[in-house]
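J.: Pasting a structure here, questions to come.
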Amino acid sequence: MMPLVRISMFPGRSDEKKQQLAQEITECFERVWNNKPEGITIIFDEVEKSDWIVGGVPYSKK
């Protein structure tokens, strides 16, 4: 099993914080599913607020 975790979020988080979160997610998969860390992929998708639409309204207009 090779889990792929995609995280969509607004831009602005530091590389350090993303690395910290990725490490904790990796450790969780290791602990719960006994995955090896090299088999776990995490992708951060940074989406502009104007491209994040909720209820037909861009988040940039909220």
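Every chain in the structure tokens takes a letter, A first, then B, and so on in the order presented; its residues are numbered from 1, and the ligands are numbered from 1 following the presented order.
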Counting only C-alpha atoms, what is within 7 Å of segment 25-40 of chain A, bar same-chain residues fewer than 2 positions away, as a ChimeraX atom specification?

T.: /A:2-4,21-23,42

J.: Quick one: write out the picked residues with N, CA, C and O atoms as a compact mmCIF listing (two decimals), in the first residue's frame?

T.:
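Written file, again-v7.txt:
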# COMPACT_ATOMS: atom_id res chain seq x y z
N MET A 2 0.59 2.15 -0.90
CA MET A 2 1.35 3.38 -1.00
C MET A 2 0.40 4.56 -0.90
O MET A 2 -0.10 5.04 -1.91
N PRO A 3 0.13 5.00 0.31
CA PRO A 3 -0.83 6.09 0.46
C PRO A 3 -0.32 7.41 -0.14
O PRO A 3 0.87 7.71 -0.07
N LEU A 4 -1.26 8.13 -0.71
CA LEU A 4 -1.02 9.47 -1.21
C LEU A 4 -1.98 10.40 -0.49
O LEU A 4 -3.19 10.21 -0.53
N LEU A 21 4.01 19.22 9.49
CA LEU A 21 2.75 18.52 9.29
C LEU A 21 2.97 17.22 8.53
O LEU A 21 2.43 16.17 8.90
N ALA A 22 3.79 17.27 7.47
CA ALA A 22 4.06 16.07 6.69
C ALA A 22 4.72 14.99 7.54
O ALA A 22 4.40 13.80 7.42
N GLN A 23 5.62 15.39 8.43
CA GLN A 23 6.28 14.42 9.30
C GLN A 23 5.27 13.76 10.24
O GLN A 23 5.29 12.54 10.43
N ILE A 42 3.06 12.84 0.32
CA ILE A 42 2.20 13.95 0.74
C ILE A 42 2.41 15.10 -0.24
O ILE A 42 3.55 15.48 -0.53

J.: Could you pull out the alpha helix (DSSP H) residues of chain A from DSSP and send them as an NGL selection string?

T.: :A and (15-33)

J.: As number ranges by chain, please: every residue in chain A that DSSP puts in strand (DSSP E).

T.: A: 4-9, 41-46, 53-54, 57-58

J.: Could you dump the residues just selected with N, CA, C and O atoms as a compact mmCIF listing (two decimals), in the first residue's frame?

T.:
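Contents of selection16.txt, freshly written:
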# COMPACT_ATOMS: atom_id res chain seq x y z
N LEU A 4 -1.26 8.13 -0.71
CA LEU A 4 -1.02 9.47 -1.21
C LEU A 4 -1.98 10.40 -0.49
O LEU A 4 -3.19 10.21 -0.53
N VAL A 5 -1.43 11.38 0.20
CA VAL A 5 -2.23 12.35 0.95
C VAL A 5 -2.10 13.69 0.25
O VAL A 5 -1.00 14.19 0.06
N ARG A 6 -3.22 14.28 -0.15
CA ARG A 6 -3.22 15.61 -0.78
C ARG A 6 -3.86 16.58 0.19
O ARG A 6 -4.97 16.33 0.69
N ILE A 7 -3.20 17.69 0.39
CA ILE A 7 -3.70 18.72 1.29
C ILE A 7 -3.86 20.00 0.48
O ILE A 7 -2.89 20.53 -0.06
N SER A 8 -5.10 20.47 0.37
CA SER A 8 -5.38 21.72 -0.33
C SER A 8 -5.54 22.82 0.72
O SER A 8 -6.25 22.64 1.70
N MET A 9 -4.86 23.93 0.48
CA MET A 9 -4.90 25.02 1.45
C MET A 9 -4.55 26.33 0.75
O MET A 9 -4.06 26.33 -0.38
N THR A 41 3.39 9.35 0.39
CA THR A 41 3.57 10.58 -0.38
C THR A 41 2.57 11.62 0.11
O THR A 41 1.39 11.32 0.26
N ILE A 42 3.06 12.84 0.32
CA ILE A 42 2.20 13.95 0.74
C ILE A 42 2.41 15.10 -0.24
O ILE A 42 3.55 15.48 -0.53
N ILE A 43 1.31 15.62 -0.76
CA ILE A 43 1.37 16.73 -1.71
C ILE A 43 0.57 17.90 -1.13
O ILE A 43 -0.58 17.73 -0.72
N PHE A 44 1.18 19.06 -1.10
CA PHE A 44 0.49 20.27 -0.68
C PHE A 44 0.09 21.04 -1.94
O PHE A 44 0.94 21.40 -2.76
N ASP A 45 -1.21 21.26 -2.10
CA ASP A 45 -1.73 22.08 -3.19
C ASP A 45 -2.08 23.44 -2.61
O ASP A 45 -2.97 23.53 -1.75
N GLU A 46 -1.40 24.47 -3.05
CA GLU A 46 -1.72 25.81 -2.58
C GLU A 46 -2.66 26.47 -3.59
O GLU A 46 -2.31 26.63 -4.75
N ILE A 53 -13.87 28.16 -4.25
CA ILE A 53 -15.26 28.61 -4.32
C ILE A 53 -16.11 27.82 -3.32
O ILE A 53 -16.09 26.59 -3.32
N VAL A 54 -16.84 28.53 -2.49
CA VAL A 54 -17.74 27.89 -1.52
C VAL A 54 -19.13 28.49 -1.72
O VAL A 54 -19.30 29.71 -1.64
N VAL A 57 -19.41 31.31 -4.24
CA VAL A 57 -18.72 32.58 -3.96
C VAL A 57 -17.23 32.31 -3.72
O VAL A 57 -16.90 31.48 -2.87
N PRO A 58 -16.36 33.01 -4.44
CA PRO A 58 -14.94 32.84 -4.17
C PRO A 58 -14.60 33.23 -2.74
O PRO A 58 -15.16 34.20 -2.20

J.: Would you mind reading off the distance between atom CA of Lys61 of chain A and atom CA of Phe10 of chain A, one decimal, in Å?

T.: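 Atom CA of Lys61 of chain A sits 14.1 Å away from atom CA of Phe10 of chain A.
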
J.: What gap, in Å, lies between atom CA of Lys18 of chain A and atom CA of Lys49 of chain A?

T.: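 Calculated distance between atom CA of Lys18 of chain A and atom CA of Lys49 of chain A is 18.6 Å.
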
J.: Work out how far atom CA of Glu16 of chain A is from atom CA of Asp51 of chain A, in Å to one decimal.

T.: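 About the pair atom CA of Asp51 of chain A and atom CA of Glu16 of chain A: they are 24.7 Å apart.
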